[in-house]
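> If you scroll down you'll find the structure; I have some questions about it.
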Amino acid sequence: MEKLVSSEIEAYAERHSMSESAICRALREETQRTVEYPQMVVGPLEGAFLKMMTQLVGAKRVLEIGMSTGYSALCFAEALPDDGTVITCEINEQSAAVARRYFAQASCGNKISIRMGPALDTMRTLTGPFDLIFIDADKTNYLNYYRRSLDLLAPDGVILIDNVLWSGEVLKQPPPDESTAAIQELNRTVAADPRVSSVLVTIRDGILVIRRTG
Ligand SMILES: C[S@@+](CC[C@H](N)C(=O)[O-])C[C@H]1O[C@@H](n2cnc3c(N)ncnc32)[C@H](O)[C@@H]1O
């Protein structure tokens, strides 16, 4: 992933945002040492943003599409009230094994429930409403995840979609690959959808923040 914001500015923003918990830091460091694409996890600044959104929405039920080693799921769990829950979807057993180990150690880990298997299949089995839905898995399914999320979203809920700037590749025409094309189509669809209002926030790799209109 290419950095769209300079490392100095990102570090400054991190230092002036709520700090990462000790367990999130340990998980991030292990992920960096052991996983092939460690930049997949959102990291401290976006993690702080996810926590802030959870609190602003007053979320009790969070759905995450794409857990990896569990960094963002832990951020949600830390920000939720004691009776809050995170359902998180993942397809990769190796990543899930790391996540399970950290969730077992975390005081808020009992709020997180992992659903293994293709996320679209899992989403078909779930019943809403969810207060916050975070989409961060395979990009070619982003539009499908968005459509199903609208069915599962609480009336005042928020959908967050990660990597919508895709290292700046979204500016390229024609799109260089399937993932870029899928993200471009998602961004066009959300911007033109009269059922929602949205803002594309330029934190890290771009986050689309979406709520229902009216
Ligand atoms: C970008 S990572 C998620 C990072 C995580 N949200 C974090 O910040 O800590 C995307 C994850 O989605 C998972 N994934 C990809 N396709 C999937 C699918 N069809 N269903 C469920 N998970 C999927 C991948 O295995 C990967 O671990």
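Residues are referred to by chain and number: the chain letter is A, B, ... according to the order shown in the structure tokens, the number counts from 1 in that chain, and ligands are numbered separately from 1 in the order shown.
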I'd like the neighbourhood of stretch 63-66 of chain A as a ChimeraX atom specification, where a residue qualifies if any of its atoms comes within 7 Å (using only C-alpha atoms), though same-chain residues fewer than 4 positions away should be ignored.
/A:86-90,119,130,132-137
> In stretch 49-186 of chain A, what's alpha helix (DSSP H) per DSSP? Answer as a PyMOL selection string?
chain A and resi 49-57+71-79+93-105+119-125+142-152+178-186
> Throw together the list of residues within 10 Å of ligand 1, counting only C-alpha atoms and all ligand atoms, and drop it here as an MDAnalysis selection string.
chainID A and resid 24 27:28 31 37:44 46:47 50 64:75 88:96 99 115:123 134:142 145 162:163
> Could you state the separation of atom CA of A:Ser21 and atom CA of A:Leu165 in Å, given to one decimal place?
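We find that atom CA of A:Ser21 and atom CA of A:Leu165 lie 27.2 Å from each other.
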